[in-house]
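Structure data (compact mmCIF, C-alpha atoms (C1' of nucleotides)) from structure20.txt:
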```txt
# COMPACT_ATOMS: atom_id res chain seq x y z
CA MET V 13 29.58 40.32 32.49
CA VAL V 14 27.21 42.78 30.86
CA ASN V 15 27.27 40.69 27.65
CA ASP V 16 25.02 38.09 29.27
CA ARG V 17 22.55 40.73 30.39
CA ILE V 18 22.46 42.25 26.89
CA ALA V 19 21.97 38.81 25.33
CA GLU V 20 19.14 38.07 27.75
CA ILE V 21 17.38 41.33 26.89
CA PHE V 22 17.75 40.70 23.14
CA ASP V 23 16.41 37.17 23.52
CA GLU V 24 13.41 38.44 25.45
CA ILE V 25 12.73 41.19 22.92
CA GLY V 26 12.82 38.47 20.24
CA ASN V 27 10.42 36.33 22.27
CA MET V 28 7.97 39.16 22.77
CA LEU V 29 8.09 40.36 19.16
CA GLU V 30 7.46 36.78 18.06
CA ILE V 31 4.40 36.49 20.29
CA LEU V 32 3.16 39.78 18.86
CA GLY V 33 3.43 38.27 15.39
CA GLU V 34 6.28 40.51 14.20
CA ASN V 35 8.22 39.78 11.01
CA VAL V 36 10.15 36.55 11.57
CA PHE V 37 13.37 37.96 10.16
CA ARG V 38 13.25 40.94 12.47
CA VAL V 39 12.71 38.49 15.33
CA ARG V 40 15.59 36.36 14.12
CA ALA V 41 17.85 39.41 14.02
CA TYR V 42 17.35 39.83 17.79
CA TYR V 43 18.09 36.15 18.47
CA ARG V 44 21.16 36.32 16.29
CA GLY V 45 22.27 39.48 18.04
CA ALA V 46 21.82 37.77 21.43
CA GLU V 47 23.83 34.75 20.32
CA SER V 48 26.51 36.95 18.89
CA VAL V 49 26.86 39.09 22.02
CA ARG V 50 26.83 36.02 24.28
CA ASN V 51 29.66 34.42 22.33
CA PHE V 52 31.64 37.61 21.80
CA GLY V 53 34.83 36.96 23.69
CA GLU V 54 35.35 40.41 25.19
CA ASP V 55 33.47 42.41 27.76
CA LEU V 56 31.44 45.00 25.87
CA GLU V 57 31.33 47.43 28.77
CA ALA V 58 35.13 47.49 28.93
CA LEU V 59 35.35 47.98 25.16
CA TYR V 60 32.84 50.81 25.31
CA LYS V 61 34.66 52.57 28.16
CA SER V 62 38.01 52.34 26.41
CA ASN V 63 36.53 53.56 23.10
CA ASP V 64 37.65 50.33 21.43
CA PRO V 65 36.40 50.39 17.82
CA SER V 66 35.93 46.59 17.73
CA ILE V 67 32.60 47.17 19.50
CA GLU V 68 31.37 48.39 16.09
CA GLU V 69 32.24 45.10 14.45
CA ILE V 70 30.15 42.50 16.23
CA PRO V 71 28.64 40.24 13.57
CA GLY V 72 24.87 40.44 13.30
CA ILE V 73 24.80 43.75 15.17
CA GLY V 74 23.79 46.70 13.04
CA LYS V 75 22.97 50.31 13.80
CA ASP V 76 19.84 49.57 15.79
CA LEU V 77 21.12 46.80 18.04
CA HIS V 78 24.38 48.66 18.54
CA ALA V 79 22.42 51.63 19.91
CA LYS V 80 20.58 49.27 22.27
CA ILE V 81 23.88 47.80 23.49
CA ILE V 82 25.15 51.28 24.35
CA GLU V 83 21.81 52.05 26.03
CA ILE V 84 22.05 48.94 28.21
CA ILE V 85 25.69 49.62 29.15
CA THR V 86 25.01 53.24 30.10
CA THR V 87 21.54 53.00 31.68
CA GLY V 88 21.41 49.33 32.68
CA ASP V 89 18.12 48.98 30.87
CA CYS V 90 16.45 49.04 27.46
CA LYS V 91 13.40 51.19 26.83
CA MET V 92 11.95 49.01 24.06
CA HIS V 93 12.30 45.92 26.26
CA GLY V 94 10.45 47.67 29.09
CA GLU V 95 7.63 48.80 26.82
CA LEU V 96 7.15 45.33 25.36
CA LEU V 97 7.16 43.81 28.83
CA GLU V 98 4.48 46.26 29.89
CA GLN V 99 2.40 45.40 26.83
CA ILE V 100 2.76 41.63 27.19
CA GLY V 101 3.17 41.05 30.90
CA PRO V 102 6.02 39.24 32.68
CA GLY V 103 3.91 36.11 33.26
CA ILE V 104 3.93 35.39 29.55
CA LEU V 105 7.73 35.16 29.50
CA GLU V 106 7.57 32.60 32.32
CA ILE V 107 5.28 30.46 30.20
CA LEU V 108 7.57 30.82 27.20
CA ARG V 109 10.51 29.48 29.22
CA LEU V 110 8.76 26.15 29.73
CA ARG V 111 10.28 23.28 27.80
CA GLY V 112 8.33 22.55 24.64
CA ILE V 113 6.44 25.83 24.71
CA GLY V 114 7.19 28.40 22.05
CA PRO V 115 5.62 31.67 20.98
CA LYS V 116 2.89 30.04 18.89
CA LYS V 117 1.52 28.05 21.81
CA VAL V 118 1.82 31.03 24.16
CA LYS V 119 -0.18 33.07 21.68
CA LEU V 120 -2.77 30.32 21.30
CA PHE V 121 -3.25 29.99 25.08
CA TYR V 122 -3.53 33.74 25.47
CA GLU V 123 -5.94 34.31 22.62
CA MET V 124 -8.20 31.32 23.23
CA LEU V 125 -8.18 31.14 27.03
CA GLY V 126 -6.74 34.46 28.18
CA ILE V 127 -3.82 32.72 29.88
CA SER V 128 -1.08 35.15 30.87
CA ASN V 129 0.83 33.47 33.70
CA LEU V 130 1.94 30.07 35.00
CA GLU V 131 -0.85 29.75 37.58
CA GLN V 132 -3.54 30.23 34.93
CA LEU V 133 -1.78 27.79 32.61
CA LYS V 134 -1.55 25.17 35.34
CA ALA V 135 -5.24 25.57 36.20
CA ALA V 136 -6.22 25.27 32.53
CA ALA V 137 -4.16 22.10 32.15
CA GLU V 138 -5.62 20.56 35.31
CA SER V 139 -9.18 21.32 34.22
CA GLY V 140 -8.57 19.72 30.82
CA ALA V 141 -9.20 22.94 28.93
CA LEU V 142 -5.82 22.94 27.18
CA ALA V 143 -6.46 19.59 25.52
CA THR V 144 -9.47 21.02 23.69
CA LEU V 145 -7.44 23.61 21.79
CA PRO V 146 -6.44 23.06 18.16
CA ARG V 147 -3.33 20.89 17.73
CA MET V 148 -3.37 20.14 21.44
CA GLY V 149 -4.27 16.86 23.10
CA GLU V 150 -3.96 14.82 26.29
CA LYS V 151 -0.25 14.21 25.86
CA SER V 152 0.57 17.85 25.25
CA GLN V 153 -1.49 18.84 28.27
CA THR V 154 0.28 16.34 30.53
CA ALA V 155 3.63 17.43 29.11
CA ILE V 156 2.85 21.01 30.11
CA LEU V 157 2.05 20.04 33.71
CA GLU V 158 5.31 18.08 33.74
CA ALA V 159 7.20 21.05 32.31
CA ILE V 160 5.76 23.35 34.98
CA LYS V 161 6.78 20.92 37.71
CA ASN V 162 10.29 20.49 36.30
CA ARG V 163 10.84 23.99 35.08
CA SER V 164 14.20 24.48 36.73
CA LEU V 165 15.55 21.15 35.40
CA GLY V 166 18.51 21.33 33.06
CA LYS V 167 18.18 25.04 32.40
CA GLU V 168 21.16 26.31 34.35
CA ARG V 169 24.40 26.93 32.50
CA ILE V 170 27.19 25.00 34.20
CA PRO V 171 30.93 25.70 34.59
CA TYR V 172 33.18 24.25 31.90
CA ASP V 173 35.00 21.86 34.27
CA ASP V 174 31.77 20.33 35.56
CA ALA V 175 30.47 19.80 32.03
CA LEU V 176 33.74 18.25 30.92
CA ASN V 177 33.73 15.91 33.89
CA ALA V 178 30.14 14.82 33.17
CA ALA V 179 30.93 14.33 29.48
CA GLU V 180 34.00 12.20 30.16
CA LYS V 181 32.11 9.94 32.55
CA TYR V 182 29.28 9.50 30.07
CA ILE V 183 31.78 8.72 27.31
CA GLU V 184 33.31 6.01 29.51
CA HIS V 185 29.86 4.47 29.87
CA MET V 186 29.24 4.70 26.11
CA LYS V 187 32.54 3.02 25.30
CA THR V 188 31.28 -0.19 26.92
CA CYS V 189 28.71 -0.43 24.10
CA PRO V 190 29.97 -3.02 21.58
CA GLU V 191 28.23 -1.35 18.62
CA LEU V 192 29.94 1.99 19.19
CA GLU V 193 32.71 3.02 16.79
CA GLN V 194 33.48 6.71 17.37
CA ILE V 195 32.53 9.14 20.13
CA GLN V 196 33.34 12.78 20.73
CA TYR V 197 31.78 15.62 22.66
CA ALA V 198 30.80 18.66 20.58
CA GLY V 199 28.94 21.93 21.18
CA SER V 200 30.11 24.73 23.44
CA LEU V 201 32.06 22.20 25.52
CA ARG V 202 34.32 21.48 22.56
CA ARG V 203 34.57 25.21 21.91
CA LYS V 204 35.76 25.54 25.54
CA LYS V 205 33.28 28.19 26.60
CA ASP V 206 33.38 29.29 30.26
CA THR V 207 29.84 28.05 30.83
CA ILE V 208 28.02 25.23 29.06
CA GLY V 209 24.29 24.99 28.40
CA ASP V 210 24.22 21.27 27.65
CA VAL V 211 26.61 18.46 26.75
CA ASP V 212 26.46 17.22 23.15
CA LEU V 213 27.76 13.72 22.49
CA LEU V 214 28.30 12.66 18.90
CA VAL V 215 28.68 8.97 18.10
CA SER V 216 28.84 6.65 15.14
CA GLY V 217 28.40 2.89 15.13
CA LYS V 218 26.79 -0.17 13.70
CA ASP V 219 23.36 -0.08 15.26
CA ALA V 220 21.72 3.24 16.13
CA ILE V 221 18.94 1.63 18.16
CA LYS V 222 21.31 -0.40 20.34
CA ILE V 223 23.50 2.66 20.87
CA ARG V 224 20.45 4.63 21.94
CA GLU V 225 19.43 1.92 24.39
CA HIS V 226 22.94 1.95 25.83
CA PHE V 227 22.77 5.72 26.15
CA LEU V 228 19.45 5.49 27.99
CA SER V 229 20.75 2.79 30.36
CA TYR V 230 23.18 5.21 32.06
CA ASP V 231 22.43 5.15 35.77
CA PRO V 232 22.70 8.89 36.63
CA ILE V 233 19.80 9.77 34.27
CA HIS V 234 17.05 11.71 36.00
CA THR V 235 14.66 12.36 33.10
CA VAL V 236 14.47 11.29 29.47
CA LEU V 237 13.37 14.28 27.41
CA GLY V 238 13.20 12.50 24.08
CA ALA V 239 14.54 9.43 22.32
CA GLY V 240 14.46 9.20 18.54
CA GLU V 241 16.45 7.12 16.10
CA THR V 242 19.29 9.59 15.68
CA LYS V 243 18.71 12.04 18.50
CA SER V 244 18.08 11.56 22.22
CA SER V 245 18.15 13.91 25.21
CA VAL V 246 18.33 13.27 28.93
CA ILE V 247 18.81 15.25 32.12
CA LEU V 248 21.23 13.81 34.65
CA LYS V 249 20.68 13.84 38.39
CA GLY V 250 23.24 16.62 38.65
CA ASN V 251 20.85 18.75 36.52
CA ILE V 252 22.99 18.60 33.39
CA GLN V 253 21.31 18.06 30.04
CA VAL V 254 23.05 15.64 27.69
CA ASP V 255 22.11 15.25 24.01
CA LEU V 256 23.14 12.26 21.93
CA ARG V 257 23.38 12.26 18.14
CA VAL V 258 24.01 9.10 16.19
CA VAL V 259 25.43 9.46 12.68
CA ASP V 260 27.03 7.26 10.01
CA GLY V 261 30.81 7.00 10.23
CA GLU V 262 31.18 8.54 6.79
CA SER V 263 29.36 11.66 8.00
CA PHE V 264 31.20 11.94 11.31
CA GLY V 265 33.34 14.93 10.31
CA ALA V 266 30.39 16.86 8.89
CA ALA V 267 28.33 16.11 12.00
CA LEU V 268 31.18 17.06 14.32
CA LEU V 269 31.57 20.35 12.49
CA TYR V 270 27.86 20.98 12.58
CA PHE V 271 27.29 20.10 16.23
CA THR V 272 30.37 21.92 17.44
CA GLY V 273 28.95 25.20 16.11
CA SER V 274 28.74 27.96 17.03
CA LYS V 275 25.41 28.59 15.41
CA HIS V 276 26.76 31.74 13.86
CA PHE V 277 29.81 29.90 12.55
CA ASN V 278 27.56 27.29 10.94
CA ILE V 279 25.45 29.91 9.23
CA MET V 280 28.65 31.48 7.92
CA LEU V 281 29.86 28.14 6.55
CA ARG V 282 26.54 27.45 4.89
CA THR V 283 26.34 30.85 3.34
CA HIS V 284 29.92 30.47 2.10
CA ALA V 285 29.08 27.06 0.61
CA LEU V 286 25.92 28.34 -1.06
CA LYS V 287 27.92 31.03 -2.83
CA GLN V 288 30.02 28.29 -4.39
CA GLY V 289 26.94 26.32 -5.39
CA LEU V 290 27.56 23.80 -2.61
CA LYS V 291 25.38 22.68 0.28
CA VAL V 292 26.51 21.88 3.83
CA ASN V 293 24.51 19.92 6.34
CA GLU V 294 25.32 17.56 9.19
CA TYR V 295 25.81 14.70 6.72
CA GLY V 296 28.37 16.25 4.47
CA LEU V 297 29.25 18.77 1.81
CA TYR V 298 27.30 18.33 -1.40
CA GLU V 299 27.70 19.43 -4.98
CA GLY V 300 24.20 18.83 -6.26
CA GLU V 301 23.40 15.25 -5.23
CA LYS V 302 27.06 14.29 -5.01
CA LYS V 303 28.73 14.17 -1.61
CA ILE V 304 32.23 15.61 -1.82
CA ALA V 305 33.27 15.60 1.87
CA GLY V 306 32.12 14.50 5.33
CA LEU V 307 34.46 11.91 6.80
CA THR V 308 36.55 14.36 8.84
CA GLU V 309 36.40 18.03 9.75
CA GLU V 310 39.71 18.62 7.96
CA GLU V 311 38.19 17.25 4.76
CA MET V 312 35.17 19.55 5.14
CA PHE V 313 37.29 22.67 5.58
CA GLU V 314 39.55 21.67 2.71
CA ALA V 315 36.63 21.10 0.32
CA LEU V 316 35.12 24.44 1.35
CA GLY V 317 38.42 26.17 0.64
CA ILE V 318 38.76 27.46 4.21
CA ASP V 319 41.75 27.07 6.54
CA PHE V 320 41.02 24.81 9.50
CA VAL V 321 39.54 26.79 12.39
CA ASN V 322 40.14 25.49 15.92
CA PRO V 323 36.90 24.75 17.78
CA GLU V 324 37.55 27.47 20.38
CA ASP V 325 37.82 30.05 17.58
CA ARG V 326 34.56 29.16 15.86
CA GLU V 327 32.56 32.18 16.89
CA GLU V 328 32.51 34.91 14.26
C1' DG G 3 16.81 44.12 11.81
C1' DC G 4 21.06 42.78 9.19
C1' DC G 5 23.76 42.50 5.10
C1' DG G 6 26.33 42.76 0.25
C1' DT G 7 33.01 39.34 -4.74
C1' DT G 8 26.67 40.26 -9.71
C1' DT G 9 22.72 43.69 -4.50
C1' DT G 10 21.19 49.81 -0.64
C1' DC G 11 16.61 46.02 -2.16
C1' DG G 12 15.25 41.73 -1.25
C1' DG G 13 16.78 38.08 0.50
C1' DC G 14 17.63 35.70 5.20
C1' DC G 15 20.38 27.60 7.35
C1' DC G 16 18.41 23.27 7.82
C1' DG G 17 16.87 18.85 9.75
C1' DA G 18 15.04 15.77 13.84
C1' DC G 19 11.49 14.85 17.07
C1' DT G 20 6.84 15.05 18.97
C1' DG G 21 2.10 15.08 18.92
C1' DT G 22 -1.36 16.06 16.28
C1' DT G 23 -3.05 14.91 12.25
C1' DT G 24 -4.00 11.85 7.65
C1' DT G 25 0.23 15.48 5.59
C1' DC G 26 1.82 18.91 9.03
C1' DA G 27 2.76 22.59 12.71
C1' DG G 28 5.52 23.78 16.44
C1' DT G 29 9.73 23.46 18.93
C1' DC G 30 14.48 22.76 19.43
C1' DG G 31 19.32 23.04 18.48
```
With the file now loaded, output its structure as structure tokens.
Amino acid sequence: MVNDRIAEIFDEIGNMLEILGENVFRVRAYYRGAESVRNFGEDLEALYKSNDPSIEEIPGIGKDLHAKIIEIITTGDCKMHGELLEQIGPGILEILRLRGIGPKKVKLFYEMLGISNLEQLKAAAESGALATLPRMGEKSQTAILEAIKNRSLGKERIPYDDALNAAEKYIEHMKTCPELEQIQYAGSLRRKKDTIGDVDLLVSGKDAIKIREHFLSYDPIHTVLGAGETKSSVILKGNIQVDLRVVDGESFGAALLYFTGSKHFNIMLRTHALKQGLKVNEYGLYEGEKKIAGLTEEEMFEALGIDFVNPEDREE
DNA sequence: GCCGTTTTCGGCCCGACTGTTTTCAGTCG
């Protein structure tokens, strides 16, 4: 589908503008546009060819990005993207795709050491040069070598059925943990997208540390990416990334809402709440300091004055 | 670059984790 190609181009434009130090909100507009196009249910090329007016109504897409969408559909390419790529070099994008590396680090490596591709980065890490840079150290340097070695790990989007299967097996494992009270998968899996980037598991229970240990004791784990008190991430041997979030039972609904997304849907909810003088986060809905909802999703929607939206419809 | 139930200007979601630091920057979702 051309939507994925458009989203990829917008993401890369965002990446490159960010490295160039462009206005963060302009950068964010490209990321938002990418997200929006990726999650837009219908094929944009088909809409364009049938003159369907709904192509004008994609959230987060204004005049400028709309013109770029048409350009990509009709020419298969985007002039601005090509020009940026020429200015920055394709090697830089490869570096940016490494886990744990963002535009700030890319910029730092380029400006301080002239690094513009993976080979140069690897050499700099092996020589110890990276560790001498500001806000860099031994651990960061080792992590970069590890990221280069594992750069294909957990990055592929996987078919819905495979993700569901992996999630259900992991949930079975988690249910043998005595401290666990509730568990539910969230994210794009719960929204039933065709392809899933990673599996999000949301749990509540008596002892966050013991639940984390149980999570990390799952046999099919290939790599542990991180393990904090409320948030852990692993990659399974089947190359599927699984994230665990541990929350209090009384915040389970708010967390489920938050981690089910989509990102755009969350932003919409927050903006809606702000207009009413309320604040939404993954712990609940707040009026000032006072928590007014959070136990269930239904309660959250009700308190926000919005009809319940099914997970698979939480896009725009 | 996008957007509007006080706006066509002036805002733009928010918190966890990590590694680097002595209070925070960068990344991620």
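In plain terms, chain V touches chain G through V:Phe37, V:Arg38, V:Val39, V:Ala41, V:Tyr42, V:Gly72, V:Ile73, V:Gly74, V:Asp76, V:Gly112, V:Ile113, V:Gly114, V:Lys116, V:Lys117, V:Arg147, V:Met148, V:Gly149, V:Lys151, V:Ser152, V:Gly238, V:Gly240, V:Thr242, V:Lys243, V:Ile279, V:Arg282, V:Thr283, V:Asn293, where touching means an atom at most 8 Å away, counting all atoms listed in the file.
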For a quick check of your reading of the model, name the residues lying within 9 Å of the coordinate (27.5, 6.2, 15.5), counting all atoms listed in the file, and write them as a PyMOL selection string.
chain V and resi 191-195+214-220+223+242+257-261+264
Centre and edge lengths of an axis-aligned box around all listed atoms of segment 21-27 of chain G, with 3 Å added on each side, are to be given in Å to one decimal, as AutoDock Vina command-line options.
```
--center_x -0.6 --center_y 17.2 --center_z 12.3 --size_x 12.8 --size_y 16.7 --size_z 19.3
```
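Between atom CA of Thr154 of chain V and atom CA of Glu24 of chain V the separation is 26.2 Å.
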